[in-house]
file structure07.cif (mmCIF, C-alpha atoms and all ligand atoms)
data_entry
#
loop_
_atom_site.label_atom_id
_atom_site.label_comp_id
_atom_site.auth_asym_id
_atom_site.auth_seq_id
_atom_site.Cartn_x
_atom_site.Cartn_y
_atom_site.Cartn_z
CA MET A 1 50.14 -14.92 89.10
CA LYS A 2 52.67 -12.74 87.25
CA ARG A 3 54.04 -9.71 89.10
CA LYS A 4 52.58 -6.40 87.89
CA LEU A 5 54.34 -3.05 87.78
CA TYR A 6 52.30 0.09 87.16
CA ASP A 7 54.61 2.18 84.97
CA LEU A 8 54.15 5.82 83.90
CA ALA A 9 53.32 6.17 80.18
CA ALA A 10 53.03 9.08 77.74
CA ALA A 11 50.27 9.42 75.09
CA ASP A 12 52.22 6.67 73.33
CA SER A 13 51.73 3.91 75.89
CA ALA A 14 55.08 2.34 74.94
CA PHE A 15 56.94 5.50 75.99
CA ARG A 16 57.92 4.86 79.64
CA PHE A 17 59.98 7.65 81.10
CA SER A 18 59.52 7.75 84.89
CA PRO A 19 62.83 7.89 86.81
CA TYR A 20 61.28 6.07 89.79
CA CYS A 21 59.79 3.31 87.62
CA TRP A 22 63.15 2.81 85.86
CA ARG A 23 64.75 2.20 89.26
CA ILE A 24 62.34 -0.64 89.89
CA LYS A 25 62.57 -2.14 86.41
CA LEU A 26 66.33 -2.41 86.94
CA ALA A 27 65.91 -3.70 90.51
CA LEU A 28 63.56 -6.44 89.25
CA ALA A 29 66.09 -7.36 86.54
CA HIS A 30 68.86 -7.40 89.19
CA LYS A 31 66.78 -9.84 91.26
CA ASN A 32 66.06 -11.88 88.14
CA LEU A 33 62.30 -11.48 88.65
CA SER A 34 59.86 -11.46 85.75
CA TYR A 35 56.93 -9.04 85.59
CA ASP A 36 54.41 -7.40 83.30
CA THR A 37 54.10 -3.64 83.16
CA ILE A 38 50.76 -1.86 83.17
CA PRO A 39 50.91 1.52 81.43
CA TRP A 40 49.63 4.20 83.79
CA ARG A 41 48.94 7.90 83.27
CA PHE A 42 49.01 10.75 85.80
CA THR A 43 45.21 11.04 85.75
CA ASP A 44 44.57 7.29 86.19
CA LYS A 45 44.45 7.74 89.96
CA ASP A 46 41.52 5.31 90.26
CA ALA A 47 43.58 2.49 88.73
CA ILE A 48 46.07 2.57 91.63
CA ALA A 49 43.67 3.64 94.40
CA PHE A 50 43.97 0.09 95.79
CA SER A 51 47.60 0.97 96.72
CA GLY A 52 46.37 3.72 99.04
CA GLN A 53 48.21 6.56 97.25
CA GLY A 54 48.52 8.22 93.85
CA THR A 55 52.03 7.76 92.44
CA VAL A 56 53.89 5.09 90.52
CA PRO A 57 55.74 2.77 90.71
CA VAL A 58 53.27 0.37 92.30
CA LEU A 59 54.27 -3.29 92.41
CA VAL A 60 51.78 -6.11 92.87
CA ASP A 61 53.57 -9.32 93.85
CA GLY A 62 51.02 -12.06 94.52
CA LYS A 63 48.89 -10.83 97.43
CA THR A 64 51.29 -8.00 98.28
CA THR A 65 50.95 -4.44 96.96
CA ILE A 66 53.82 -2.00 97.51
CA SER A 67 54.14 1.63 96.46
CA ASP A 68 57.10 4.03 96.68
CA SER A 69 60.30 3.01 94.91
CA GLN A 70 62.39 2.86 98.09
CA ALA A 71 59.81 0.65 99.83
CA ILE A 72 59.65 -1.58 96.75
CA ALA A 73 63.45 -1.94 96.62
CA GLU A 74 63.53 -2.85 100.33
CA TYR A 75 60.66 -5.31 99.85
CA LEU A 76 62.50 -7.01 96.96
CA GLU A 77 65.72 -7.21 98.98
CA ASP A 78 63.95 -8.74 102.01
CA THR A 79 61.62 -11.05 100.06
CA TYR A 80 64.19 -12.42 97.62
CA PRO A 81 67.37 -12.72 99.74
CA ASN A 82 68.79 -15.56 97.66
CA GLU A 83 69.05 -13.40 94.56
CA ALA A 84 71.87 -10.84 94.09
CA SER A 85 71.73 -8.10 96.74
CA LEU A 86 70.45 -4.69 95.66
CA PHE A 87 72.41 -2.86 98.34
CA GLY A 88 75.40 -4.96 99.40
CA ASP A 89 76.60 -4.93 103.00
CA PRO A 90 75.04 -2.68 105.70
CA GLN A 91 77.53 0.15 105.02
CA ALA A 92 76.75 0.07 101.29
CA ARG A 93 73.03 0.09 102.08
CA ALA A 94 73.50 3.21 104.20
CA VAL A 95 75.51 4.94 101.44
CA THR A 96 72.78 4.06 98.92
CA LEU A 97 70.33 6.13 100.97
CA PHE A 98 72.59 9.14 100.44
CA VAL A 99 72.57 8.44 96.67
CA LYS A 100 68.75 8.40 96.69
CA HIS A 101 68.54 11.72 98.52
CA TRP A 102 71.24 13.32 96.36
CA ALA A 103 69.38 12.19 93.24
CA GLU A 104 66.04 13.51 94.45
CA SER A 105 67.24 16.81 95.93
CA THR A 106 69.98 17.80 93.44
CA LEU A 107 69.91 15.77 90.23
CA HIS A 108 66.14 15.50 89.63
CA PRO A 109 65.49 19.26 90.06
CA ALA A 110 68.39 20.09 87.70
CA ILE A 111 66.94 17.75 85.05
CA ALA A 112 63.27 18.59 85.61
CA LYS A 113 63.35 22.19 84.38
CA ILE A 114 65.18 21.13 81.21
CA VAL A 115 62.86 18.27 80.21
CA LEU A 116 59.50 19.35 81.64
CA PRO A 117 58.30 21.18 78.47
CA ALA A 118 59.25 18.21 76.27
CA ILE A 119 57.45 15.80 78.64
CA PHE A 120 54.36 18.01 78.49
CA LYS A 121 54.24 17.68 74.68
CA ARG A 122 54.37 13.88 74.88
CA LEU A 123 51.55 13.39 77.40
CA ALA A 124 47.98 12.29 76.68
CA PRO A 125 45.57 15.29 76.59
CA ALA A 126 44.00 14.67 80.02
CA ASP A 127 47.47 14.34 81.52
CA GLN A 128 48.61 17.56 79.84
CA ALA A 129 45.98 19.57 81.71
CA TYR A 130 46.92 17.91 85.02
CA PHE A 131 50.65 18.27 84.39
CA ARG A 132 50.32 21.96 83.49
CA THR A 133 48.35 22.74 86.67
CA THR A 134 50.56 20.77 89.06
CA ARG A 135 53.96 21.59 87.56
CA GLU A 136 53.25 25.28 86.97
CA ALA A 137 52.16 25.52 90.63
CA SER A 138 55.32 23.79 91.88
CA HIS A 139 57.71 25.79 89.64
CA GLY A 140 55.87 29.09 90.02
CA MET A 141 55.89 29.77 86.27
CA THR A 142 54.24 28.61 83.06
CA ILE A 143 55.58 25.71 81.01
CA GLU A 144 56.30 28.20 78.22
CA ALA A 145 58.35 30.38 80.60
CA ILE A 146 60.27 27.30 81.78
CA GLU A 147 60.96 26.38 78.14
CA ALA A 148 62.18 29.90 77.32
CA GLY A 149 64.79 29.63 80.06
CA ARG A 150 66.22 26.25 78.95
CA ALA A 151 69.75 27.41 78.08
CA GLY A 152 70.08 29.00 81.51
CA TYR A 153 69.46 25.67 83.30
CA LEU A 154 72.26 23.72 81.57
CA PRO A 155 75.18 24.94 83.74
CA ALA A 156 73.40 23.76 86.92
CA LEU A 157 72.91 20.31 85.39
CA GLU A 158 76.58 20.14 84.39
CA ALA A 159 77.58 21.06 87.95
CA ALA A 160 75.22 18.44 89.39
CA LEU A 161 76.67 15.77 87.09
CA GLU A 162 80.30 16.48 87.97
CA PRO A 163 80.56 14.12 91.01
CA LEU A 164 78.95 11.39 88.93
CA ARG A 165 81.36 11.86 86.01
CA ARG A 166 84.35 11.87 88.38
CA THR A 167 83.14 8.63 89.99
CA LEU A 168 82.53 6.90 86.67
CA ARG A 169 85.96 7.88 85.36
CA ALA A 170 87.45 6.02 88.35
CA GLN A 171 85.23 2.92 88.45
CA ASP A 172 82.84 1.06 86.15
CA PHE A 173 79.70 1.45 88.27
CA ILE A 174 78.57 3.60 91.19
CA ALA A 175 78.45 0.44 93.33
CA GLY A 176 81.93 -0.64 92.10
CA GLU A 177 82.58 -3.55 89.77
CA ALA A 178 78.92 -4.35 89.05
CA PRO A 179 75.70 -2.32 89.13
CA ALA A 180 73.47 -2.26 92.22
CA TYR A 181 70.57 -0.15 93.45
CA ALA A 182 72.72 3.02 93.68
CA ASP A 183 73.26 2.66 89.93
CA HIS A 184 69.54 1.99 89.38
CA ILE A 185 68.62 5.24 91.14
CA ILE A 186 70.97 7.39 89.06
CA PHE A 187 70.26 5.48 85.86
CA GLY A 188 66.55 6.24 86.35
CA ALA A 189 67.28 9.97 86.52
CA LEU A 190 69.53 9.99 83.45
CA GLN A 191 67.21 7.74 81.45
CA TRP A 192 64.34 10.12 82.21
CA ALA A 193 66.51 12.98 80.92
CA ALA A 194 67.87 11.14 77.88
CA MET A 195 64.48 9.82 76.78
CA THR A 196 62.63 13.10 77.01
CA THR A 197 65.13 15.82 76.06
CA GLU A 198 64.71 17.33 72.60
CA GLU A 199 68.45 18.02 72.30
CA PRO A 200 71.02 15.53 73.64
CA LEU A 201 72.39 16.50 77.03
CA TRP A 202 75.67 14.57 76.59
CA ALA A 203 77.60 12.92 73.77
CA GLU A 204 77.46 9.22 72.90
CA ASP A 205 81.06 8.80 74.10
CA ASP A 206 80.51 10.72 77.36
CA VAL A 207 81.32 8.60 80.42
CA LEU A 208 77.63 8.90 81.38
CA ALA A 209 76.44 7.35 78.10
CA VAL A 210 79.08 4.60 78.33
CA TRP A 211 77.95 3.77 81.87
CA MET A 212 74.24 3.80 80.91
CA ARG A 213 74.89 1.29 78.13
CA ALA A 214 76.92 -0.85 80.56
CA VAL A 215 74.04 -0.88 83.09
CA LEU A 216 71.54 -2.02 80.45
CA SER A 217 73.98 -4.59 79.12
CA ALA A 218 74.56 -6.02 82.64
CA TYR A 219 70.87 -7.02 82.64
CA ASP A 220 70.62 -7.93 78.95
CA LEU A 221 68.29 -4.97 78.43
CA ASP A 222 70.30 -3.47 75.55
N1 LIG B 1 58.53 8.81 96.31
C1 LIG B 1 57.94 8.21 95.21
C2 LIG B 1 57.80 9.21 94.09
C3 LIG B 1 57.13 8.62 92.88
C4 LIG B 1 56.66 9.68 91.91
O1 LIG B 1 56.67 10.90 92.21
N2 LIG B 1 56.21 9.21 90.74
C5 LIG B 1 55.66 10.10 89.75
C6 LIG B 1 56.00 9.59 88.36
S1 LIG B 1 57.72 9.83 87.99
C7 LIG B 1 54.16 10.07 89.89
O2 LIG B 1 53.58 9.01 89.94
N3 LIG B 1 53.54 11.24 89.95
C8 LIG B 1 52.13 11.32 90.04
C9 LIG B 1 51.65 12.73 90.05
O3 LIG B 1 52.44 13.65 89.84
O4 LIG B 1 50.45 12.89 90.25
C10 LIG B 1 58.79 7.00 94.81
O5 LIG B 1 60.01 7.00 95.06
O6 LIG B 1 58.22 6.04 94.28
#
call {"tool": "encode", "arguments": {"input": "structure07.cif", "output": "structure tokens"}}
result
Amino acid sequence: MKRKLYDLAAADSAFRFSPYCWRIKLALAHKNLSYDTIPWRFTDKDAIAFSGQGTVPVLVDGKTTISDSQAIAEYLEDTYPNEASLFGDPQARAVTLFVKHWAESTLHPAIAKIVLPAIFKRLAPADQAYFRTTREASHGMTIEAIEAGRAGYLPALEAALEPLRRTLRAQDFIAGEAPAYADHIIFGALQWAAMTTEEPLWAEDDVLAVWMRAVLSAYDLD
């Protein structure tokens, strides 16, 4: 039975923009594992109820169901030890945990305010209502108010990206000479931003864009 990955989709079911799902698509490519994606929308909670929670990614691998991107990455590492390691040695694995938490606590919030209004416009109607309610509650303002403040959020994103740019000026990948799960985590965040923003957030020759193309190319995804 082919592996199945439930992957967040917009109204256009081919538009897949979730940062957490991108992590896992790259991790599966890194482990050389084939899979089919199942487009999933925010309000399709019933479709993933079997996983015991309500977010994607959800991976179904034979009889095993795993949710949460970190748990999926660890499952893939433990279940497929003969394929290339996602984390490297124990020290690298520990440092990758810092990358995850930096991405989720600093990078994702800096991106979210900038792209949230554009994401809203791309969602299926039922998802738009859900997204408005949940995101307006978490940000404490309307989507329109978030959109009106866009220019004011750009300096915080630039500041958040600075350690990443410095790293990628010194080495090809976050994990060193080749991409690994630390790269997958940050790629997911930047792919989410690049796919959904209405105005480019960096130039084609920016070190970030060069690195993103190199990550895709490493897995023949370009
Ligand atoms: N901690 C989870 C977070 C996953 C997550 O938040 N996924 C979003 C899509 S990017 C989601 O499914 N949200 C559902 C919702 O907001 O109801 C992970 O790392 O997998």
call {"tool": "residues_around", "arguments": {"input": "structure07.cif", "residues": "Ala129 (chain A)", "least_positions_apart": "5", "cutoff": "10 Å", "atoms": "all atoms listed in the file", "output": "compact mmCIF listing (two decimals) with C-alpha atoms, in the frame of the given file"}}
result
# COMPACT_ATOMS: atom_id res chain seq x y z
CA THR A 43 45.21 11.04 85.75
CA PHE A 120 54.36 18.01 78.49
CA LEU A 123 51.55 13.39 77.40
CA ALA A 124 47.98 12.29 76.68
CA THR A 134 50.56 20.77 89.06
call {"tool": "atom_distance", "arguments": {"input": "structure07.cif", "atom1": "CA of His108 (chain A)", "atom2": "CA of Ala189 (chain A)"}}
result
6.4 Å
call {"tool": "atom_distance", "arguments": {"input": "structure07.cif", "atom1": "CA of Arg150 (chain A)", "atom2": "CA of Ile114 (chain A)"}}
result
5.7 Å
call {"tool": "closest_atom_pairs", "arguments": {"input": "structure07.cif", "of": "chain A", "to": "ligand LIG 1 (chain B)", "cutoff": "6 Å", "atoms": "only C-alpha atoms and all ligand atoms", "output": "tab-separated table"}}
result
residue	atom	partner	partner_atom	distance
A:Ser18	CA	B:LIG1	S1	4.1
A:Pro19	CA	B:LIG1	S1	5.6
A:Tyr20	CA	B:LIG1	O6	5.4
A:Phe42	CA	B:LIG1	O4	5.1
A:Thr55	CA	B:LIG1	O2	3.2
A:Val56	CA	B:LIG1	O2	4.0
A:Pro57	CA	B:LIG1	O6	5.4
A:Asp68	CA	B:LIG1	O6	3.3
A:Ser69	CA	B:LIG1	O6	3.7
A:Gln70	CA	B:LIG1	O5	5.7
call {"tool": "closest_residue", "arguments": {"input": "structure07.cif", "among": "A:Pro163, A:Gly54, A:Gly140, A:Pro125", "to": "Leu208 (chain A)", "atoms": "all atoms listed in the file"}}
result
A:Pro163
call {"tool": "residues_around", "arguments": {"input": "structure07.cif", "residues": "region 195-205 of chain A", "least_positions_apart": "3", "cutoff": "8 Å", "atoms": "all atoms listed in the file", "output": "number ranges by chain"}}
result
A: 17, 114-115, 118-119, 191-192, 208-210
call {"tool": "atom_distance", "arguments": {"input": "structure07.cif", "atom1": "CA of Thr79 (chain A)", "atom2": "CA of Glu177 (chain A)"}}
result
24.5 Å
call {"tool": "axis_aligned_box", "arguments": {"input": "structure07.cif", "around": "region 62-69 of chain A", "padding_each_side": "8 Å", "output": "lines of an AutoDock Vina configuration file"}}
result
center_x = 54.6
center_y = -4.0
center_z = 96.4
size_x = 27.4
size_y = 32.1
size_z = 19.8
call {"tool": "closest_residue", "arguments": {"input": "structure07.cif", "among": "A:Arg41, A:Lys25, A:Arg16, A:Lys31", "to": "Phe131 (chain A)", "atoms": "all atoms listed in the file"}}
result
A:Arg41
call {"tool": "closest_residue", "arguments": {"input": "structure07.cif", "among": "A:Asp206, A:Met1, A:Leu8, A:Phe50", "to": "Ser34 (chain A)", "atoms": "only C-alpha atoms"}}
result
A:Met1
call {"tool": "decode", "arguments": {"input": "structure07.cif", "residues": "region 66-77 of chain A", "atoms": "all heavy atoms", "output": "PDB file, in the first residue's frame"}}
result
ATOM      1  N   ILE A  66       0.844   8.604  11.715  1.00  0.00           N
ATOM      2  CA  ILE A  66       1.595   9.530  12.567  1.00  0.00           C
ATOM      3  C   ILE A  66       1.176  10.947  12.215  1.00  0.00           C
ATOM      4  O   ILE A  66       1.099  11.299  11.035  1.00  0.00           O
ATOM      5  CB  ILE A  66       3.131   9.436  12.373  1.00  0.00           C
ATOM      6  CG1 ILE A  66       3.570   7.994  12.177  1.00  0.00           C
ATOM      7  CG2 ILE A  66       3.886  10.022  13.567  1.00  0.00           C
ATOM      8  CD1 ILE A  66       4.017   7.712  10.817  1.00  0.00           C
ATOM      9  N   SER A  67       0.957  11.756  13.250  1.00  0.00           N
ATOM     10  CA  SER A  67       0.693  13.181  13.034  1.00  0.00           C
ATOM     11  C   SER A  67       1.769  13.963  13.771  1.00  0.00           C
ATOM     12  O   SER A  67       2.501  13.400  14.589  1.00  0.00           O
ATOM     13  CB  SER A  67      -0.688  13.551  13.552  1.00  0.00           C
ATOM     14  OG  SER A  67      -0.800  13.196  14.904  1.00  0.00           O
ATOM     15  N   ASP A  68       1.866  15.238  13.441  1.00  0.00           N
ATOM     16  CA  ASP A  68       2.854  16.179  13.963  1.00  0.00           C
ATOM     17  C   ASP A  68       4.171  15.995  13.198  1.00  0.00           C
ATOM     18  O   ASP A  68       4.752  14.905  13.171  1.00  0.00           O
ATOM     19  CB  ASP A  68       3.109  16.027  15.464  1.00  0.00           C
ATOM     20  CG  ASP A  68       4.043  17.113  15.962  1.00  0.00           C
ATOM     21  OD1 ASP A  68       3.578  18.237  16.166  1.00  0.00           O
ATOM     22  OD2 ASP A  68       5.249  16.856  16.086  1.00  0.00           O
ATOM     23  N   SER A  69       4.628  17.082  12.571  1.00  0.00           N
ATOM     24  CA  SER A  69       5.797  16.977  11.690  1.00  0.00           C
ATOM     25  C   SER A  69       7.034  16.446  12.412  1.00  0.00           C
ATOM     26  O   SER A  69       7.794  15.636  11.861  1.00  0.00           O
ATOM     27  CB  SER A  69       6.100  18.324  11.026  1.00  0.00           C
ATOM     28  OG  SER A  69       6.279  19.326  11.994  1.00  0.00           O
ATOM     29  N   GLN A  70       7.242  16.881  13.673  1.00  0.00           N
ATOM     30  CA  GLN A  70       8.437  16.408  14.381  1.00  0.00           C
ATOM     31  C   GLN A  70       8.345  14.895  14.635  1.00  0.00           C
ATOM     32  O   GLN A  70       9.314  14.162  14.436  1.00  0.00           O
ATOM     33  CB  GLN A  70       8.576  17.162  15.717  1.00  0.00           C
ATOM     34  CG  GLN A  70       9.851  16.858  16.478  1.00  0.00           C
ATOM     35  CD  GLN A  70      11.123  17.336  15.788  1.00  0.00           C
ATOM     36  OE1 GLN A  70      11.067  18.202  14.916  1.00  0.00           O
ATOM     37  NE2 GLN A  70      12.257  16.758  16.143  1.00  0.00           N
ATOM     38  N   ALA A  71       7.150  14.440  15.042  1.00  0.00           N
ATOM     39  CA  ALA A  71       6.962  12.999  15.284  1.00  0.00           C
ATOM     40  C   ALA A  71       7.129  12.216  13.980  1.00  0.00           C
ATOM     41  O   ALA A  71       7.706  11.117  13.976  1.00  0.00           O
ATOM     42  CB  ALA A  71       5.581  12.753  15.891  1.00  0.00           C
ATOM     43  N   ILE A  72       6.669  12.784  12.875  1.00  0.00           N
ATOM     44  CA  ILE A  72       6.813  12.095  11.584  1.00  0.00           C
ATOM     45  C   ILE A  72       8.292  12.006  11.210  1.00  0.00           C
ATOM     46  O   ILE A  72       8.771  10.945  10.778  1.00  0.00           O
ATOM     47  CB  ILE A  72       5.999  12.806  10.476  1.00  0.00           C
ATOM     48  CG1 ILE A  72       4.501  12.746  10.776  1.00  0.00           C
ATOM     49  CG2 ILE A  72       6.297  12.186   9.114  1.00  0.00           C
ATOM     50  CD1 ILE A  72       3.619  13.585   9.848  1.00  0.00           C
ATOM     51  N   ALA A  73       9.026  13.103  11.373  1.00  0.00           N
ATOM     52  CA  ALA A  73      10.462  13.083  11.033  1.00  0.00           C
ATOM     53  C   ALA A  73      11.187  12.034  11.882  1.00  0.00           C
ATOM     54  O   ALA A  73      12.019  11.266  11.376  1.00  0.00           O
ATOM     55  CB  ALA A  73      11.073  14.468  11.234  1.00  0.00           C
ATOM     56  N   GLU A  74      10.868  11.981  13.163  1.00  0.00           N
ATOM     57  CA  GLU A  74      11.526  11.000  14.047  1.00  0.00           C
ATOM     58  C   GLU A  74      11.134   9.572  13.663  1.00  0.00           C
ATOM     59  O   GLU A  74      11.966   8.661  13.674  1.00  0.00           O
ATOM     60  CB  GLU A  74      11.198  11.318  15.511  1.00  0.00           C
ATOM     61  CG  GLU A  74      11.978  12.549  15.956  1.00  0.00           C
ATOM     62  CD  GLU A  74      11.564  13.103  17.318  1.00  0.00           C
ATOM     63  OE1 GLU A  74      10.788  12.430  18.014  1.00  0.00           O
ATOM     64  OE2 GLU A  74      12.031  14.206  17.648  1.00  0.00           O
ATOM     65  N   TYR A  75       9.875   9.386  13.308  1.00  0.00           N
ATOM     66  CA  TYR A  75       9.410   8.066  12.852  1.00  0.00           C
ATOM     67  C   TYR A  75      10.187   7.651  11.592  1.00  0.00           C
ATOM     68  O   TYR A  75      10.657   6.502  11.495  1.00  0.00           O
ATOM     69  CB  TYR A  75       7.907   8.124  12.565  1.00  0.00           C
ATOM     70  CG  TYR A  75       7.406   6.962  11.749  1.00  0.00           C
ATOM     71  CD1 TYR A  75       7.081   5.739  12.356  1.00  0.00           C
ATOM     72  CD2 TYR A  75       7.289   7.058  10.357  1.00  0.00           C
ATOM     73  CE1 TYR A  75       6.650   4.663  11.591  1.00  0.00           C
ATOM     74  CE2 TYR A  75       6.859   5.980   9.594  1.00  0.00           C
ATOM     75  CZ  TYR A  75       6.545   4.791  10.217  1.00  0.00           C
ATOM     76  OH  TYR A  75       6.134   3.720   9.453  1.00  0.00           O
ATOM     77  N   LEU A  76      10.318   8.564  10.638  1.00  0.00           N
ATOM     78  CA  LEU A  76      11.022   8.215   9.391  1.00  0.00           C
ATOM     79  C   LEU A  76      12.486   7.869   9.683  1.00  0.00           C
ATOM     80  O   LEU A  76      13.040   6.914   9.116  1.00  0.00           O
ATOM     81  CB  LEU A  76      10.947   9.375   8.385  1.00  0.00           C
ATOM     82  CG  LEU A  76       9.550   9.699   7.839  1.00  0.00           C
ATOM     83  CD1 LEU A  76       9.602  10.956   6.970  1.00  0.00           C
ATOM     84  CD2 LEU A  76       8.967   8.519   7.048  1.00  0.00           C
ATOM     85  N   GLU A  77      13.103   8.632  10.567  1.00  0.00           N
ATOM     86  CA  GLU A  77      14.514   8.388  10.905  1.00  0.00           C
ATOM     87  C   GLU A  77      14.682   7.002  11.551  1.00  0.00           C
ATOM     88  O   GLU A  77      15.586   6.246  11.211  1.00  0.00           O
ATOM     89  CB  GLU A  77      15.000   9.479  11.857  1.00  0.00           C
ATOM     90  CG  GLU A  77      16.461   9.410  12.211  1.00  0.00           C
ATOM     91  CD  GLU A  77      17.388   9.890  11.100  1.00  0.00           C
ATOM     92  OE1 GLU A  77      16.949  10.007   9.938  1.00  0.00           O
ATOM     93  OE2 GLU A  77      18.570  10.118  11.398  1.00  0.00           O
TER      94      GLU A  77
END
